[in-house]
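Structure below is data_39.pdb: PDB, C-alpha atoms.
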ATOM      1  CA  MET B 165       0.000   0.000   0.000
ATOM      2  CA  SER B 166       1.401   3.410  -1.005
ATOM      3  CA  ASP B 167       1.880   6.362   1.364
ATOM      4  CA  SER B 168      -0.949   8.285  -0.336
ATOM      5  CA  ASP B 169      -3.327   5.330   0.156
ATOM      6  CA  ALA B 170      -2.318   5.067   3.796
ATOM      7  CA  ALA B 171      -2.937   8.756   4.351
ATOM      8  CA  ALA B 172      -6.319   8.637   2.661
ATOM      9  CA  ASP B 173      -7.492   5.537   4.479
ATOM     10  CA  PRO B 174      -8.400   7.187   7.841
ATOM     11  CA  GLU B 175     -10.380   9.884   5.980
ATOM     12  CA  THR B 176     -12.251   7.194   4.053
ATOM     13  CA  ARG B 177     -13.128   5.395   7.287
ATOM     14  CA  ARG B 178     -14.374   8.605   8.952
ATOM     15  CA  THR B 179     -16.549   9.449   5.944
ATOM     16  CA  ALA B 180     -18.031   5.951   5.917
ATOM     17  CA  GLU B 181     -18.746   6.028   9.652
ATOM     18  CA  GLN B 182     -20.470   9.456   9.449
ATOM     19  CA  SER B 183     -22.735   8.265   6.612
ATOM     20  CA  ASN B 184     -23.556   4.999   8.468
ATOM     21  CA  GLN B 185     -22.074   3.003   5.621
ATOM     22  CA  PRO B 186     -20.088  -0.221   6.195
ATOM     23  CA  VAL B 187     -16.466   0.579   6.912
ATOM     24  CA  PRO B 188     -14.147  -1.103   4.392
ATOM     25  CA  LEU B 189     -11.652  -3.416   6.053
ATOM     26  CA  ASP B 190      -7.983  -3.055   5.329
ATOM     27  CA  CYS B 191      -6.579  -6.530   4.735
ATOM     28  CA  CYS B 192      -3.194  -5.423   5.984
ATOM     29  CA  GLY B 193      -4.648  -4.280   9.306
ATOM     30  CA  GLY B 194      -5.803  -7.760  10.246
ATOM     31  CA  LEU B 195      -8.004  -8.009  13.346
ATOM     32  CA  ASN B 196      -7.113  -4.455  14.339
ATOM     33  CA  ASN B 197      -9.973  -3.296  12.124
ATOM     34  CA  VAL B 198     -12.571  -5.360  13.994
ATOM     35  CA  ASP B 199     -14.815  -3.385  16.332
ATOM     36  CA  TYR B 200     -15.181  -5.865  19.201
ATOM     37  CA  SER B 201     -17.606  -3.533  21.018
ATOM     38  CA  LYS B 202     -20.200  -4.342  18.344
ATOM     39  CA  MET B 203     -19.908  -8.115  18.730
ATOM     40  CA  ASP B 204     -23.068  -9.896  19.852
ATOM     41  CA  LEU B 205     -22.127 -11.640  23.097
ATOM     42  CA  MET B 206     -25.685 -12.592  23.985
ATOM     43  CA  PRO B 207     -25.337 -16.281  22.986
ATOM     44  CA  ILE B 208     -22.256 -16.652  25.185
ATOM     45  CA  GLU B 209     -23.913 -14.863  28.102
ATOM     46  CA  GLU B 210     -27.027 -16.988  27.683
ATOM     47  CA  PHE B 211     -24.896 -20.143  27.609
ATOM     48  CA  ILE B 212     -23.090 -19.188  30.823
ATOM     49  CA  ARG B 213     -26.345 -18.300  32.595
ATOM     50  CA  HIS B 214     -27.467 -21.908  32.183
ATOM     51  CA  ILE B 215     -24.497 -23.174  34.224
ATOM     52  CA  ASN B 216     -24.593 -23.170  38.007
ATOM     53  CA  PHE B 217     -20.941 -22.950  39.007
ATOM     54  CA  HIS B 218     -21.884 -23.017  42.710
ATOM     55  CA  ASP B 219     -23.539 -26.428  42.426
ATOM     56  CA  PRO B 220     -21.575 -28.878  44.657
ATOM     57  CA  SER B 221     -22.115 -31.687  42.147
ATOM     58  CA  PHE B 222     -20.421 -29.527  39.490
ATOM     59  CA  GLY B 223     -17.364 -29.155  41.710
ATOM     60  CA  ILE B 224     -17.291 -32.894  42.383
ATOM     61  CA  ALA B 225     -17.408 -33.633  38.652
ATOM     62  CA  VAL B 226     -14.566 -31.214  37.903
ATOM     63  CA  ILE B 227     -12.438 -32.723  40.680
ATOM     64  CA  ALA B 228     -13.092 -36.242  39.377
ATOM     65  CA  ILE B 229     -12.162 -35.212  35.836
ATOM     66  CA  ILE B 230      -8.848 -33.678  36.916
ATOM     67  CA  PHE B 231      -8.004 -36.273  39.569
ATOM     68  CA  ASN B 232      -8.315 -39.408  37.443
ATOM     69  CA  PRO B 233      -5.459 -38.908  34.926
ATOM     70  CA  LEU B 234      -3.351 -37.271  37.647
ATOM     71  CA  PHE B 235      -3.801 -40.321  39.877
ATOM     72  CA  TRP B 236      -2.936 -42.982  37.343
ATOM     73  CA  ASN B 237       0.049 -41.082  36.007
ATOM     74  CA  VAL B 238       1.517 -40.462  39.468
ATOM     75  CA  VAL B 239       0.940 -44.034  40.642
ATOM     76  CA  ALA B 240       2.219 -45.597  37.407
ATOM     77  CA  ARG B 241       5.410 -43.500  37.439
ATOM     78  CA  TRP B 242       5.961 -44.371  41.078
ATOM     79  CA  GLU B 243       5.609 -48.048  40.186
ATOM     80  CA  HIS B 244       8.049 -47.697  37.295
ATOM     81  CA  HIS B 245      10.706 -46.149  39.513
ATOM     82  CA  THR B 246      10.199 -48.267  42.653
ATOM     83  CA  ARG B 247       8.276 -51.445  41.649
ATOM     84  CA  GLY B 248       6.338 -50.866  44.859
ATOM     85  CA  LEU B 249       3.016 -52.200  43.582
ATOM     86  CA  SER B 250       4.655 -55.252  42.011
ATOM     87  CA  ARG B 251       6.248 -56.142  45.352
ATOM     88  CA  LEU B 252       2.991 -55.510  47.198
ATOM     89  CA  PHE B 253       0.918 -57.748  44.892
ATOM     90  CA  GLY B 254       3.615 -60.336  44.276
ATOM     91  CA  GLY B 255       4.141 -59.594  40.572
ATOM     92  CA  PRO B 256       3.635 -57.018  37.846
ATOM     93  CA  TYR B 257       0.563 -58.596  36.231
ATOM     94  CA  LEU B 258      -1.538 -58.693  39.388
ATOM     95  CA  ALA B 259      -0.338 -55.196  40.288
ATOM     96  CA  CYS B 260      -1.263 -53.847  36.851
ATOM     97  CA  CYS B 261      -4.674 -55.511  36.941
ATOM     98  CA  SER B 262      -5.322 -54.055  40.396
ATOM     99  CA  LEU B 263      -4.455 -50.554  39.232
ATOM    100  CA  GLY B 264      -6.598 -51.098  36.130
ATOM    101  CA  PHE B 265      -9.553 -52.092  38.286
ATOM    102  CA  ILE B 266      -9.142 -48.933  40.394
ATOM    103  CA  ILE B 267      -8.932 -46.801  37.233
ATOM    104  CA  ILE B 268     -12.165 -48.377  35.952
ATOM    105  CA  LEU B 269     -13.926 -47.555  39.235
ATOM    106  CA  LEU B 270     -12.628 -43.979  39.129
ATOM    107  CA  ASN B 271     -13.852 -43.557  35.558
ATOM    108  CA  VAL B 272     -17.268 -44.979  36.478
ATOM    109  CA  PHE B 273     -17.499 -42.434  39.296
ATOM    110  CA  ARG B 274     -16.426 -39.636  36.936
ATOM    111  CA  SER B 275     -19.069 -40.603  34.397
ATOM    112  CA  HIS B 276     -21.700 -40.834  37.132
ATOM    113  CA  SER B 277     -20.818 -37.425  38.589
ATOM    114  CA  MET B 278     -20.919 -35.806  35.137
ATOM    115  CA  THR B 279     -24.269 -37.430  34.342
ATOM    116  CA  VAL B 280     -25.738 -36.186  37.619
ATOM    117  CA  VAL B 281     -24.736 -32.604  36.823
ATOM    118  CA  MET B 282     -26.112 -32.809  33.275
ATOM    119  CA  LYS B 283     -29.455 -34.098  34.540
ATOM    120  CA  THR B 284     -29.864 -31.634  37.408
ATOM    121  CA  GLN B 285     -28.741 -28.425  35.709
ATOM    122  CA  ALA B 286     -30.662 -26.451  33.116
ATOM    123  CA  ARG B 287     -31.092 -27.440  29.493
ATOM    124  CA  TRP B 288     -30.479 -24.915  26.712
ATOM    125  CA  GLU B 289     -33.255 -24.456  24.183
ATOM    126  CA  PRO B 290     -31.006 -23.836  21.107
ATOM    127  CA  MET B 291     -29.525 -27.317  21.662
ATOM    128  CA  GLU B 292     -32.932 -29.017  21.824
ATOM    129  CA  ARG B 293     -33.045 -29.808  18.133
ATOM    130  CA  THR B 294     -33.439 -33.110  16.333
ATOM    131  CA  GLU B 295     -30.214 -32.775  14.352
ATOM    132  CA  VAL B 296     -28.254 -32.010  17.527
ATOM    133  CA  PHE B 297     -29.746 -35.065  19.208
ATOM    134  CA  TYR B 298     -28.810 -37.414  16.382
ATOM    135  CA  PHE B 299     -25.360 -35.871  16.080
ATOM    136  CA  GLY B 300     -24.888 -36.669  19.764
ATOM    137  CA  ILE B 301     -25.964 -40.264  19.101
ATOM    138  CA  SER B 302     -23.435 -40.552  16.259
ATOM    139  CA  LEU B 303     -20.671 -39.219  18.503
ATOM    140  CA  ILE B 304     -21.453 -41.846  21.133
ATOM    141  CA  VAL B 305     -21.351 -44.575  18.495
ATOM    142  CA  VAL B 306     -17.995 -43.357  17.151
ATOM    143  CA  GLY B 307     -16.600 -42.885  20.649
ATOM    144  CA  THR B 308     -17.659 -46.362  21.735
ATOM    145  CA  VAL B 309     -16.062 -47.907  18.647
ATOM    146  CA  LEU B 310     -12.797 -46.091  19.364
ATOM    147  CA  VAL B 311     -12.752 -47.111  23.028
ATOM    148  CA  VAL B 312     -13.669 -50.757  22.478
ATOM    149  CA  SER B 313     -11.416 -51.292  19.458
ATOM    150  CA  SER B 314      -8.412 -49.693  21.176
ATOM    151  CA  PHE B 315      -8.972 -51.907  24.223
ATOM    152  CA  LEU B 316      -9.107 -55.012  22.024
ATOM    153  CA  ALA B 317      -5.934 -53.941  20.205
ATOM    154  CA  LEU B 318      -3.961 -53.208  23.379
ATOM    155  CA  GLY B 319      -5.359 -55.783  25.756
ATOM    156  CA  PHE B 320      -5.957 -55.151  29.455
ATOM    157  CA  THR B 321      -2.355 -54.557  30.497
ATOM    158  CA  GLY B 322      -1.630 -52.479  27.416
ATOM    159  CA  THR B 323      -4.622 -50.292  28.138
ATOM    160  CA  PHE B 324      -3.921 -49.822  31.826
ATOM    161  CA  LEU B 325      -0.272 -48.746  31.757
ATOM    162  CA  GLY B 326       1.333 -52.163  31.700
ATOM    163  CA  ASP B 327       4.436 -50.542  30.191
ATOM    164  CA  TYR B 328       5.104 -48.851  33.540
ATOM    165  CA  PHE B 329       5.032 -52.265  35.229
ATOM    166  CA  GLY B 330       7.598 -53.709  32.841
ATOM    167  CA  ILE B 331       4.933 -55.502  30.793
ATOM    168  CA  LEU B 332       6.095 -54.317  27.383
ATOM    169  CA  MET B 333       4.558 -55.045  24.009
ATOM    170  CA  ASP B 334       6.685 -56.604  21.284
ATOM    171  CA  GLU B 335       5.974 -53.783  18.851
ATOM    172  CA  LYS B 336       3.916 -50.626  18.531
ATOM    173  CA  VAL B 337       0.258 -51.201  17.736
ATOM    174  CA  THR B 338      -0.552 -49.725  14.327
ATOM    175  CA  SER B 339      -3.859 -51.459  13.557
ATOM    176  CA  PHE B 340      -7.295 -49.848  13.827
ATOM    177  CA  PRO B 341      -8.042 -47.478  15.484
ATOM    178  CA  PHE B 342      -4.423 -46.378  15.959
ATOM    179  CA  ASN B 343      -3.986 -46.029  12.202
ATOM    180  CA  VAL B 344      -6.849 -43.506  12.193
ATOM    181  CA  ILE B 345      -6.257 -41.392  15.295
ATOM    182  CA  GLU B 346      -3.686 -41.153  18.064
ATOM    183  CA  ASN B 347      -4.792 -41.908  21.625
ATOM    184  CA  PRO B 348      -8.181 -43.310  20.511
ATOM    185  CA  MET B 349      -9.116 -44.372  24.037
ATOM    186  CA  TYR B 350      -8.936 -40.809  25.300
ATOM    187  CA  TRP B 351     -10.617 -39.147  22.346
ATOM    188  CA  GLY B 352     -13.249 -41.863  22.116
ATOM    189  CA  SER B 353     -14.128 -41.241  25.755
ATOM    190  CA  THR B 354     -14.273 -37.493  25.082
ATOM    191  CA  ALA B 355     -16.604 -38.090  22.118
ATOM    192  CA  ASN B 356     -18.905 -40.112  24.381
ATOM    193  CA  TYR B 357     -19.172 -37.291  26.894
ATOM    194  CA  LEU B 358     -19.751 -34.731  24.148
ATOM    195  CA  GLY B 359     -22.486 -36.931  22.724
ATOM    196  CA  LEU B 360     -24.182 -37.183  26.118
ATOM    197  CA  ALA B 361     -24.044 -33.409  26.501
ATOM    198  CA  LEU B 362     -25.642 -32.872  23.087
ATOM    199  CA  ILE B 363     -28.360 -35.450  23.692
ATOM    200  CA  GLY B 364     -29.206 -33.799  26.998
ATOM    201  CA  ALA B 365     -29.012 -30.259  25.550
ATOM    202  CA  SER B 366     -26.709 -29.565  28.477
ATOM    203  CA  PRO B 367     -24.487 -26.469  28.541
ATOM    204  CA  VAL B 368     -22.735 -27.707  31.669
ATOM    205  CA  GLY B 369     -22.133 -30.991  29.848
ATOM    206  CA  LEU B 370     -20.323 -29.135  27.079
ATOM    207  CA  LEU B 371     -18.167 -27.332  29.643
ATOM    208  CA  LEU B 372     -17.331 -30.548  31.495
ATOM    209  CA  THR B 373     -16.472 -32.250  28.208
ATOM    210  CA  ALA B 374     -14.063 -29.409  27.415
ATOM    211  CA  ILE B 375     -12.419 -29.957  30.811
ATOM    212  CA  VAL B 376     -12.136 -33.686  30.048
ATOM    213  CA  ALA B 377     -10.456 -32.928  26.714
ATOM    214  CA  LEU B 378      -8.047 -30.502  28.399
ATOM    215  CA  ALA B 379      -7.192 -33.007  31.143
ATOM    216  CA  TYR B 380      -6.514 -35.704  28.554
ATOM    217  CA  LYS B 381      -4.422 -33.304  26.476
ATOM    218  CA  VAL B 382      -2.215 -32.589  29.480
ATOM    219  CA  ALA B 383      -2.001 -36.301  30.345
ATOM    220  CA  ILE B 384      -0.909 -37.149  26.792
ATOM    221  CA  ARG B 385       1.917 -34.596  26.969
ATOM    222  CA  PHE B 386       3.287 -36.441  30.005
ATOM    223  CA  GLU B 387       2.465 -40.036  29.059
ATOM    224  CA  GLY B 388       3.675 -40.006  25.463
ATOM    225  CA  PRO B 389       7.335 -39.037  25.987
ATOM    226  CA  PHE B 390       7.620 -41.156  29.149
ATOM    227  CA  THR B 391       6.289 -44.268  27.410
ATOM    228  CA  GLU B 392       8.645 -43.693  24.473
ATOM    229  CA  GLN B 393      11.526 -43.461  26.931
ATOM    230  CA  ILE B 394      10.563 -46.811  28.468
ATOM    231  CA  TYR B 395      10.719 -48.568  25.107
ATOM    232  CA  LEU B 396      13.907 -46.746  24.159
ATOM    233  CA  GLN B 397      15.561 -48.078  27.293
ATOM    234  CA  ARG B 398      14.287 -51.590  26.453
ATOM    235  CA  ASN B 399      15.747 -51.369  22.943
ATOM    236  CA  GLN B 400      19.080 -50.142  24.265
ATOM    237  CA  ARG B 401      19.256 -53.050  26.701
ATOM    238  CA  CYS B 402      18.502 -55.496  23.900
ATOM    239  CA  LYS B 403      21.347 -54.093  21.816
ATOM    240  CA  HIS B 404      23.833 -54.630  24.619
ATOM    241  CA  GLU B 405      22.730 -58.219  25.261
TER
END
Kindly present the structure from the file in structure tokens form.
Amino acid sequence: MSDSDAAADPETRRTAEQSNQPVPLDCCGGLNNVDYSKMDLMPIEEFIRHINFHDPSFGIAVIAIIFNPLFWNVVARWEHHTRGLSRLFGGPYLACCSLGFIIILLNVFRSHSMTVVMKTQARWEPMERTEVFYFGISLIVVGTVLVVSSFLALGFTGTFLGDYFGILMDEKVTSFPFNVIENPMYWGSTANYLGLALIGASPVGLLLTAIVALAYKVAIRFEGPFTEQIYLQRNQRCKHE
């Protein structure tokens, strides 16, 4: 843009504003040209008004969502460094199965606490539409397929952090659903919760699902590199033998 164009641009904008005409946007100005004061925030405000943040059951659900991945990551890393659970249960397989059973119970409680909040808090009329309902159903179907197929591909110990117990797989699983999406167990679970929120027309369900996705995202950032390091150490030991 030339200097003359730049100098004329403010005058053009003032003229347009005075005549109530749409103000032309300068592509080079980016978002600086957007008048955020004229944005319609009513849908967001309406969405937030349907969520009771002071509801004790909401707090319990949030705590359960955050606690679960924190718990299994802390315990599994402790086991990897100390073999404390393996000594307590007399072997890695029983120890891994015991931790897996606890994780299942924790996830059942999380799902229950989220469902309670979705049922007790307000529904949002814009979400009470047939297409939203069936989209929620489709998400649950997809999420269930991802969760079940990843469990079948990994097995029980592979699903519940057997790597941290020294129960290593011979090679990386690359079959379905791992050839479609990374961490299918986590994202399949997230899809299930999102589907439930849509079916129930629940704003608080959408918020809780976002917290689930964030908690899983953080967990993946810790689990991925640590698991890779475990197998790297195994491969290095095999080379020296």
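As for CA of Trp351 in chain B and CA of Gly307 in chain B, they are spaced 7.3 Å apart.
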- Message: Quick one: residues within 9 Å of range 373-377 of chain B, only C-alpha atoms, excluding same-chain residues fewer than 5 positions away - as a PyMOL selection string?
- Response: chain B and resi 226+229-230+278+350-351+353-355+357-358+361+368+382
- Nearest candidate to Pro256 in chain B (options B:Gly326, B:Gly300, B:Gly352, B:Pro220; using only C-alpha atoms):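 Under the stated criterion, the closest residue is B:Gly326.
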Contact residues around range 327-337 of chain B with only C-alpha atoms at 10 Å, ignoring same-chain residues under 6 positions, as a PDB file with C-alpha atoms, keeping the file's coordinate frame:
ATOM      1  CA  ASN B 237       0.049 -41.082  36.007  1.00  0.00           C
ATOM      2  CA  VAL B 239       0.940 -44.034  40.642  1.00  0.00           C
ATOM      3  CA  ALA B 240       2.219 -45.597  37.407  1.00  0.00           C
ATOM      4  CA  ARG B 241       5.410 -43.500  37.439  1.00  0.00           C
ATOM      5  CA  TRP B 242       5.961 -44.371  41.078  1.00  0.00           C
ATOM      6  CA  GLU B 243       5.609 -48.048  40.186  1.00  0.00           C
ATOM      7  CA  HIS B 244       8.049 -47.697  37.295  1.00  0.00           C
ATOM      8  CA  HIS B 245      10.706 -46.149  39.513  1.00  0.00           C
ATOM      9  CA  THR B 246      10.199 -48.267  42.653  1.00  0.00           C
ATOM     10  CA  ARG B 247       8.276 -51.445  41.649  1.00  0.00           C
ATOM     11  CA  GLY B 248       6.338 -50.866  44.859  1.00  0.00           C
ATOM     12  CA  LEU B 249       3.016 -52.200  43.582  1.00  0.00           C
ATOM     13  CA  SER B 250       4.655 -55.252  42.011  1.00  0.00           C
ATOM     14  CA  GLY B 255       4.141 -59.594  40.572  1.00  0.00           C
ATOM     15  CA  PRO B 256       3.635 -57.018  37.846  1.00  0.00           C
ATOM     16  CA  TYR B 257       0.563 -58.596  36.231  1.00  0.00           C
ATOM     17  CA  ALA B 259      -0.338 -55.196  40.288  1.00  0.00           C
ATOM     18  CA  CYS B 260      -1.263 -53.847  36.851  1.00  0.00           C
ATOM     19  CA  SER B 314      -8.412 -49.693  21.176  1.00  0.00           C
ATOM     20  CA  ALA B 317      -5.934 -53.941  20.205  1.00  0.00           C
ATOM     21  CA  LEU B 318      -3.961 -53.208  23.379  1.00  0.00           C
ATOM     22  CA  THR B 321      -2.355 -54.557  30.497  1.00  0.00           C
ATOM     23  CA  ASN B 343      -3.986 -46.029  12.202  1.00  0.00           C
ATOM     24  CA  PHE B 390       7.620 -41.156  29.149  1.00  0.00           C
ATOM     25  CA  THR B 391       6.289 -44.268  27.410  1.00  0.00           C
ATOM     26  CA  GLU B 392       8.645 -43.693  24.473  1.00  0.00           C
ATOM     27  CA  ILE B 394      10.563 -46.811  28.468  1.00  0.00           C
ATOM     28  CA  TYR B 395      10.719 -48.568  25.107  1.00  0.00           C
ATOM     29  CA  ARG B 398      14.287 -51.590  26.453  1.00  0.00           C
TER      30      ARG B 398
END
- Which residue, B:Met349, B:Arg401, B:Phe324, B:Leu371, has the smallest gap to Ser262 in chain B when you use all atoms listed in the file?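 Using all atoms listed in the file, Ser262 in chain B sits closest to B:Phe324.
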Any chance you could tabulate, as JSON lines, the residues of range 218-274 of chain B at most 10 Å from range 284-297 of chain B with each one's nearest atom pair and distance in Å to one decimal, using only C-alpha atoms, in chain and rising number order?
{"residue": "B:Asp219", "atom": "CA", "partner": "B:Gln285", "partner_atom": "CA", "distance": 8.7}
{"residue": "B:Ser221", "atom": "CA", "partner": "B:Thr284", "partner_atom": "CA", "distance": 9.1}
{"residue": "B:Phe222", "atom": "CA", "partner": "B:Gln285", "partner_atom": "CA", "distance": 9.2}
- Message: Given all atoms listed in the file as the basis, pick out the residue of B:Leu378, B:Ala225, B:Ile208, B:Val312 nearest to Val280 in chain B.
- Response: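 Nearest candidate to Val280 in chain B out of B:Leu378, B:Ala225, B:Ile208, B:Val312: B:Ala225.
Note that the spacing between CA of Ile268 in chain B and CA of Thr323 in chain B amounts to 11.0 Å.
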- Pick out the closest residue to Ile301 in chain B from this set: B:Phe211, B:Gly369, B:Val344, B:Gly364. Count all atoms listed in the file.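 Counting all atoms listed in the file, the residue closest to Ile301 in chain B is B:Gly364.
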- Query: Expanded to explicit residues, what is the PyMOL selection byres ((chain B and resi 270) around 12) for this file, as a ChimeraX atom specification?
  - Reply: /B:225,227-236,263-269,271-277
- Interatomic distance (Å, one decimal) between CA of Leu310 in chain B and CA of Lys381 in chain B: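 Computing it gives 16.9 Å between the two atoms.
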- Item | From B:Gln400, B:Ser366, B:Asn347, B:Gln393, residue lying nearest His214 in chain B [all atoms listed in the file] |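 Distance minimum relative to His214 in chain B lands on B:Ser366.
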- Of the residues B:Ile345, B:Leu252, B:Leu360, B:Ala379, which is the one nearest to Val311 in chain B, using all atoms listed in the file?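 Closest to Val311 in chain B of all the choices is B:Ile345.
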Range 202-267 of chain B dumped to file, C-alpha atoms, as a compact mmCIF listing (two decimals), in the first residue's frame:
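Result written to out.txt:
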# COMPACT_ATOMS: atom_id res chain seq x y z
CA LYS B 202 -20.20 -4.34 18.34
CA MET B 203 -19.91 -8.11 18.73
CA ASP B 204 -23.07 -9.90 19.85
CA LEU B 205 -22.13 -11.64 23.10
CA MET B 206 -25.69 -12.59 23.99
CA PRO B 207 -25.34 -16.28 22.99
CA ILE B 208 -22.26 -16.65 25.19
CA GLU B 209 -23.91 -14.86 28.10
CA GLU B 210 -27.03 -16.99 27.68
CA PHE B 211 -24.90 -20.14 27.61
CA ILE B 212 -23.09 -19.19 30.82
CA ARG B 213 -26.35 -18.30 32.60
CA HIS B 214 -27.47 -21.91 32.18
CA ILE B 215 -24.50 -23.17 34.22
CA ASN B 216 -24.59 -23.17 38.01
CA PHE B 217 -20.94 -22.95 39.01
CA HIS B 218 -21.88 -23.02 42.71
CA ASP B 219 -23.54 -26.43 42.43
CA PRO B 220 -21.57 -28.88 44.66
CA SER B 221 -22.12 -31.69 42.15
CA PHE B 222 -20.42 -29.53 39.49
CA GLY B 223 -17.36 -29.16 41.71
CA ILE B 224 -17.29 -32.89 42.38
CA ALA B 225 -17.41 -33.63 38.65
CA VAL B 226 -14.57 -31.21 37.90
CA ILE B 227 -12.44 -32.72 40.68
CA ALA B 228 -13.09 -36.24 39.38
CA ILE B 229 -12.16 -35.21 35.84
CA ILE B 230 -8.85 -33.68 36.92
CA PHE B 231 -8.00 -36.27 39.57
CA ASN B 232 -8.32 -39.41 37.44
CA PRO B 233 -5.46 -38.91 34.93
CA LEU B 234 -3.35 -37.27 37.65
CA PHE B 235 -3.80 -40.32 39.88
CA TRP B 236 -2.94 -42.98 37.34
CA ASN B 237 0.05 -41.08 36.01
CA VAL B 238 1.52 -40.46 39.47
CA VAL B 239 0.94 -44.03 40.64
CA ALA B 240 2.22 -45.60 37.41
CA ARG B 241 5.41 -43.50 37.44
CA TRP B 242 5.96 -44.37 41.08
CA GLU B 243 5.61 -48.05 40.19
CA HIS B 244 8.05 -47.70 37.30
CA HIS B 245 10.71 -46.15 39.51
CA THR B 246 10.20 -48.27 42.65
CA ARG B 247 8.28 -51.45 41.65
CA GLY B 248 6.34 -50.87 44.86
CA LEU B 249 3.02 -52.20 43.58
CA SER B 250 4.65 -55.25 42.01
CA ARG B 251 6.25 -56.14 45.35
CA LEU B 252 2.99 -55.51 47.20
CA PHE B 253 0.92 -57.75 44.89
CA GLY B 254 3.61 -60.34 44.28
CA GLY B 255 4.14 -59.59 40.57
CA PRO B 256 3.63 -57.02 37.85
CA TYR B 257 0.56 -58.60 36.23
CA LEU B 258 -1.54 -58.69 39.39
CA ALA B 259 -0.34 -55.20 40.29
CA CYS B 260 -1.26 -53.85 36.85
CA CYS B 261 -4.67 -55.51 36.94
CA SER B 262 -5.32 -54.05 40.40
CA LEU B 263 -4.46 -50.55 39.23
CA GLY B 264 -6.60 -51.10 36.13
CA PHE B 265 -9.55 -52.09 38.29
CA ILE B 266 -9.14 -48.93 40.39
CA ILE B 267 -8.93 -46.80 37.23
